[in-house]
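Colleague: Mind looking over this structure? Questions follow.
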Amino acid sequence: MTVDWIRAGLKHTGKTRSGLAKALGRSPSAVTDLLNGHRRLRADEIPIVAEYLGIEPPRPLGGGGKPITPKAPLVGYVGAGAVAHFYAEGQGPFDEVDAPIAAKPNTVAVQIRGHSLGALFDNWLVFYDDIRDPPDESLIGRMCVCGLTDGRVLIKALKRSPQTGLWNLLSNTEPPIYDVGLDWAAAVREMRPK
């Protein structure tokens, strides 16, 4: 039962045996021994495995078998003009928020502050993870978090510019921004109130 829980958790989340070994403070071979049934999971290791996998242990191991709500780091906020301001590197995220269902390990959030996307979206969270560097055709017409070549980070819908290699950025509440270069863009995975 323990092995099945861990194997299913690793498969479902895409997390690795080596990551689990690191979380447990053990060697990768100790996790291999665990998964091959050559050693048992200690009671004090159960909550560590549950936290790493983001899944409660089965009921006989002290859990209910229910998923633990995954977390995503809040890496910045979006202010007036939809310019994202990211927290200083090295300080780490200032907060963690409940991540969307099926979030990836690299899913992050920014918080909207102000009315740049409309008054109803003040304090909402915007989640993204699939950063395209450089942006590609799959992002056209989608709401994206966009990294402009001038250093700004905006939340806009993308449209290809007639100018080669440039983009037009569209919004419902602000005038379009024409013919800008993008270093990267990521489709918005989810938006919701904080």
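Chain labels run A, B, ... following the order of the structure tokens; each chain numbers its residues from 1, and ligands are numbered from 1 in the order shown.
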Report as a list in words all protein, DNA and RNA residues lying within 6 Å of Ala72 of chain A, evaluated on only C-alpha atoms, omitting residues in the same chain fewer than 3 positions from it.

Modeller: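 Within the cut-off, the hits are Glu96, Val97, Ala99, Thr107 and Val108 of chain A.
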
Colleague: So that I can see what lies close to segment 144-146 of chain A, please list as a tab-separated table (two decimals) with C-alpha atoms, in the first residue's frame the residues with an atom at most 12 Å from it, counting only C-alpha atoms and leaving out residues fewer than 3 positions away in the same chain.

Modeller:
```
chain	number	residue	atom	x	y	z
A	76	GLY	CA	4.86	39.43	-8.07
A	77	TYR	CA	1.89	41.62	-8.74
A	78	VAL	CA	0.39	43.35	-11.72
A	82	ALA	CA	-0.82	45.79	-16.49
A	83	VAL	CA	2.93	46.00	-15.81
A	84	ALA	CA	4.02	43.12	-13.60
A	85	HIS	CA	6.43	43.98	-10.79
A	108	VAL	CA	3.62	30.53	-10.52
A	109	ALA	CA	1.17	33.33	-9.77
A	110	VAL	CA	1.05	37.10	-9.99
A	111	GLN	CA	-1.57	39.20	-8.25
A	112	ILE	CA	-3.51	41.93	-10.02
A	126	VAL	CA	-3.09	34.97	-12.51
A	127	PHE	CA	-1.36	31.58	-12.89
A	128	TYR	CA	1.03	30.57	-15.66
A	129	ASP	CA	3.79	28.02	-16.26
A	130	ASP	CA	4.41	27.15	-19.91
A	131	ILE	CA	6.85	29.92	-20.82
A	132	ARG	CA	7.59	30.09	-24.54
A	133	ASP	CA	10.99	31.61	-25.26
A	134	PRO	CA	10.51	32.95	-27.91
A	135	PRO	CA	6.70	33.12	-28.20
A	136	ASP	CA	5.13	31.05	-30.95
A	138	SER	CA	0.14	28.75	-30.41
A	139	LEU	CA	-0.21	31.87	-28.23
A	140	ILE	CA	-1.99	34.04	-30.81
A	141	GLY	CA	-5.35	35.24	-29.51
A	149	THR	CA	12.33	43.17	-24.79
A	150	ASP	CA	12.30	46.55	-22.96
A	151	GLY	CA	11.97	44.76	-19.59
A	152	ARG	CA	8.24	45.29	-19.00
A	153	VAL	CA	6.03	42.33	-18.17
A	154	LEU	CA	2.40	42.70	-19.25
A	155	ILE	CA	-0.78	40.67	-19.27
A	156	LYS	CA	-2.25	40.99	-22.77
A	157	ALA	CA	-3.73	39.01	-25.64
A	158	LEU	CA	-1.21	38.37	-28.42
A	159	LYS	CA	-1.54	39.12	-32.11
A	167	TRP	CA	3.80	41.50	-31.77
A	168	ASN	CA	0.67	43.55	-31.09
A	169	LEU	CA	-0.65	43.36	-27.52
A	170	LEU	CA	-4.39	43.71	-27.01
A	171	SER	CA	-6.54	44.55	-23.99
A	180	VAL	CA	6.75	45.35	-29.75
A	181	GLY	CA	9.40	42.70	-29.31
A	182	LEU	CA	8.78	39.85	-26.87
A	183	ASP	CA	11.48	37.83	-25.13
A	184	TRP	CA	8.96	35.33	-23.78
A	185	ALA	CA	5.26	34.73	-23.19
A	186	ALA	CA	3.17	32.23	-21.24
A	187	ALA	CA	-0.52	31.55	-21.68
A	188	VAL	CA	-2.57	32.32	-18.59
A	189	ARG	CA	-3.50	28.98	-17.06
A	190	GLU	CA	-6.12	30.34	-14.69
A	191	MET	CA	-7.39	33.56	-13.12
```

Colleague: Calculated over only C-alpha atoms, which of the candidates A:Asn36, A:Asn172, A:Gln163, A:Ser29 has the smallest distance to Arg17 of chain A?

Modeller: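 For Arg17 of chain A, the nearest of the given residues is A:Ser29.
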
Colleague: Would you pick out the contacts of Phe94 of chain A at 9 Å or less, using only C-alpha atoms, so that residues sharing its chain but fewer than 5 positions from it are not included, and give the list as an MDAnalysis selection string?

Modeller: chainID A and resid 73:76 87

Colleague: Between A:Lys194, A:Arg160, A:Lys22, A:Lys15, which is the closest to Ile55 of chain A once you count only C-alpha atoms?

Modeller: A:Lys15

Colleague: Rounded to one decimal place, report the atom CA of Asp179 of chain A-atom CA of Leu117 of chain A distance in Å.

Modeller: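 For atom CA of Asp179 of chain A relative to atom CA of Leu117 of chain A, the distance reads 20.8 Å.
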
Colleague: Using only C-alpha atoms, which residues sit within 12 Å of Ala23 of chain A once same-chain residues fewer than 3 positions away are excluded, as a ChimeraX atom specification?

Modeller: /A:15-20,26-28,31,45-53

Colleague: Write a file of the selected residues as a compact mmCIF listing (two decimals), in the first residue's frame, keeping all heavy atoms.

Modeller:
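Dumped to selection.txt:
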```txt
# COMPACT_ATOMS: atom_id res chain seq x y z
N LYS A 15 6.85 14.17 -10.31
CA LYS A 15 8.02 14.39 -9.46
C LYS A 15 8.94 13.18 -9.53
O LYS A 15 8.53 12.10 -9.95
CB LYS A 15 7.59 14.69 -8.03
CG LYS A 15 6.86 16.03 -7.96
CD LYS A 15 6.60 16.46 -6.54
CE LYS A 15 5.96 17.85 -6.56
NZ LYS A 15 5.68 18.30 -5.22
N THR A 16 10.17 13.34 -9.09
CA THR A 16 11.19 12.32 -9.29
C THR A 16 11.56 11.59 -8.01
O THR A 16 11.37 12.10 -6.90
CB THR A 16 12.46 12.95 -9.87
OG1 THR A 16 12.99 13.87 -8.88
CG2 THR A 16 12.17 13.69 -11.17
N ARG A 17 12.14 10.41 -8.21
CA ARG A 17 12.67 9.64 -7.08
C ARG A 17 13.81 10.40 -6.41
O ARG A 17 13.93 10.40 -5.20
CB ARG A 17 13.18 8.28 -7.55
CG ARG A 17 12.11 7.34 -8.00
CD ARG A 17 12.74 6.05 -8.47
NE ARG A 17 11.73 5.09 -8.88
CZ ARG A 17 11.94 3.79 -8.95
NH1 ARG A 17 13.12 3.29 -8.66
NH2 ARG A 17 10.98 2.99 -9.32
N SER A 18 14.65 11.04 -7.23
CA SER A 18 15.78 11.77 -6.65
C SER A 18 15.27 12.97 -5.83
O SER A 18 15.85 13.30 -4.79
CB SER A 18 16.76 12.22 -7.72
OG SER A 18 16.13 13.05 -8.67
N GLY A 19 14.21 13.62 -6.28
CA GLY A 19 13.62 14.71 -5.51
C GLY A 19 13.06 14.22 -4.20
O GLY A 19 13.18 14.87 -3.16
N LEU A 20 12.43 13.04 -4.23
CA LEU A 20 11.90 12.44 -3.00
C LEU A 20 13.05 12.10 -2.06
O LEU A 20 12.97 12.34 -0.85
CB LEU A 20 11.06 11.21 -3.33
CG LEU A 20 10.50 10.46 -2.14
CD1 LEU A 20 9.60 11.35 -1.29
CD2 LEU A 20 9.72 9.22 -2.62
N ARG A 26 17.77 11.38 2.22
CA ARG A 26 18.34 10.05 2.02
C ARG A 26 18.96 9.95 0.64
O ARG A 26 18.75 10.79 -0.21
CB ARG A 26 17.25 8.99 2.17
CG ARG A 26 16.65 8.96 3.56
CD ARG A 26 15.96 7.62 3.77
NE ARG A 26 15.65 7.42 5.16
CZ ARG A 26 16.39 6.72 6.00
NH1 ARG A 26 17.51 6.18 5.60
NH2 ARG A 26 16.02 6.55 7.23
N SER A 27 19.65 8.87 0.42
CA SER A 27 20.26 8.63 -0.89
C SER A 27 19.18 8.13 -1.86
O SER A 27 18.17 7.55 -1.43
CB SER A 27 21.37 7.60 -0.79
OG SER A 27 20.82 6.33 -0.49
N PRO A 28 19.39 8.32 -3.15
CA PRO A 28 18.44 7.77 -4.13
C PRO A 28 18.28 6.26 -4.00
O PRO A 28 17.19 5.73 -4.23
CB PRO A 28 19.05 8.16 -5.47
CG PRO A 28 19.84 9.40 -5.18
CD PRO A 28 20.39 9.18 -3.79
N VAL A 31 15.52 5.31 -1.62
CA VAL A 31 14.17 5.39 -2.20
C VAL A 31 13.93 4.19 -3.10
O VAL A 31 12.84 3.61 -3.11
CB VAL A 31 13.98 6.73 -2.96
CG1 VAL A 31 12.69 6.74 -3.74
CG2 VAL A 31 14.02 7.89 -1.97
N GLU A 45 8.66 9.66 8.27
CA GLU A 45 8.85 9.99 6.86
C GLU A 45 7.53 10.19 6.12
O GLU A 45 7.50 10.80 5.05
CB GLU A 45 9.66 8.89 6.16
CG GLU A 45 11.09 8.77 6.66
CD GLU A 45 11.82 7.59 6.06
OE1 GLU A 45 11.20 6.52 5.87
OE2 GLU A 45 13.03 7.75 5.78
N ILE A 46 6.43 9.68 6.68
CA ILE A 46 5.13 9.76 6.01
C ILE A 46 4.73 11.20 5.71
O ILE A 46 4.39 11.52 4.57
CB ILE A 46 4.04 9.02 6.83
CG1 ILE A 46 4.34 7.52 6.84
CG2 ILE A 46 2.64 9.30 6.26
CD1 ILE A 46 3.47 6.72 7.79
N PRO A 47 4.78 12.13 6.69
CA PRO A 47 4.40 13.50 6.36
C PRO A 47 5.34 14.18 5.35
O PRO A 47 4.92 15.02 4.57
CB PRO A 47 4.40 14.24 7.69
CG PRO A 47 5.07 13.36 8.68
CD PRO A 47 5.05 11.97 8.12
N ILE A 48 6.61 13.78 5.33
CA ILE A 48 7.55 14.36 4.37
C ILE A 48 7.19 13.90 2.96
O ILE A 48 7.15 14.71 2.03
CB ILE A 48 9.01 13.94 4.73
CG1 ILE A 48 9.40 14.52 6.10
CG2 ILE A 48 9.98 14.39 3.65
CD1 ILE A 48 10.68 13.94 6.68
N VAL A 49 6.90 12.62 2.81
CA VAL A 49 6.50 12.09 1.51
C VAL A 49 5.18 12.73 1.07
O VAL A 49 5.03 13.14 -0.08
CB VAL A 49 6.38 10.55 1.54
CG1 VAL A 49 5.80 10.02 0.24
CG2 VAL A 49 7.73 9.92 1.83
N ALA A 50 4.22 12.86 2.00
CA ALA A 50 2.93 13.46 1.67
C ALA A 50 3.09 14.90 1.19
O ALA A 50 2.47 15.32 0.22
CB ALA A 50 2.00 13.41 2.89
N GLU A 51 3.96 15.66 1.86
CA GLU A 51 4.19 17.05 1.46
C GLU A 51 4.88 17.12 0.11
O GLU A 51 4.51 17.91 -0.76
CB GLU A 51 5.02 17.78 2.51
CG GLU A 51 5.21 19.25 2.17
CD GLU A 51 5.95 20.01 3.24
OE1 GLU A 51 5.94 19.59 4.42
OE2 GLU A 51 6.55 21.04 2.90
N TYR A 52 5.87 16.26 -0.11
CA TYR A 52 6.59 16.27 -1.38
C TYR A 52 5.65 15.90 -2.54
O TYR A 52 5.67 16.54 -3.58
CB TYR A 52 7.77 15.29 -1.33
CG TYR A 52 8.51 15.21 -2.65
CD1 TYR A 52 9.34 16.26 -3.06
CD2 TYR A 52 8.35 14.13 -3.51
CE1 TYR A 52 10.00 16.21 -4.29
CE2 TYR A 52 9.01 14.07 -4.72
CZ TYR A 52 9.83 15.11 -5.11
OH TYR A 52 10.48 15.06 -6.33
N LEU A 53 4.82 14.88 -2.33
CA LEU A 53 3.92 14.44 -3.39
C LEU A 53 2.68 15.32 -3.53
O LEU A 53 2.05 15.35 -4.58
CB LEU A 53 3.48 12.99 -3.14
CG LEU A 53 4.57 11.93 -3.18
CD1 LEU A 53 3.99 10.57 -2.82
CD2 LEU A 53 5.23 11.89 -4.55
```
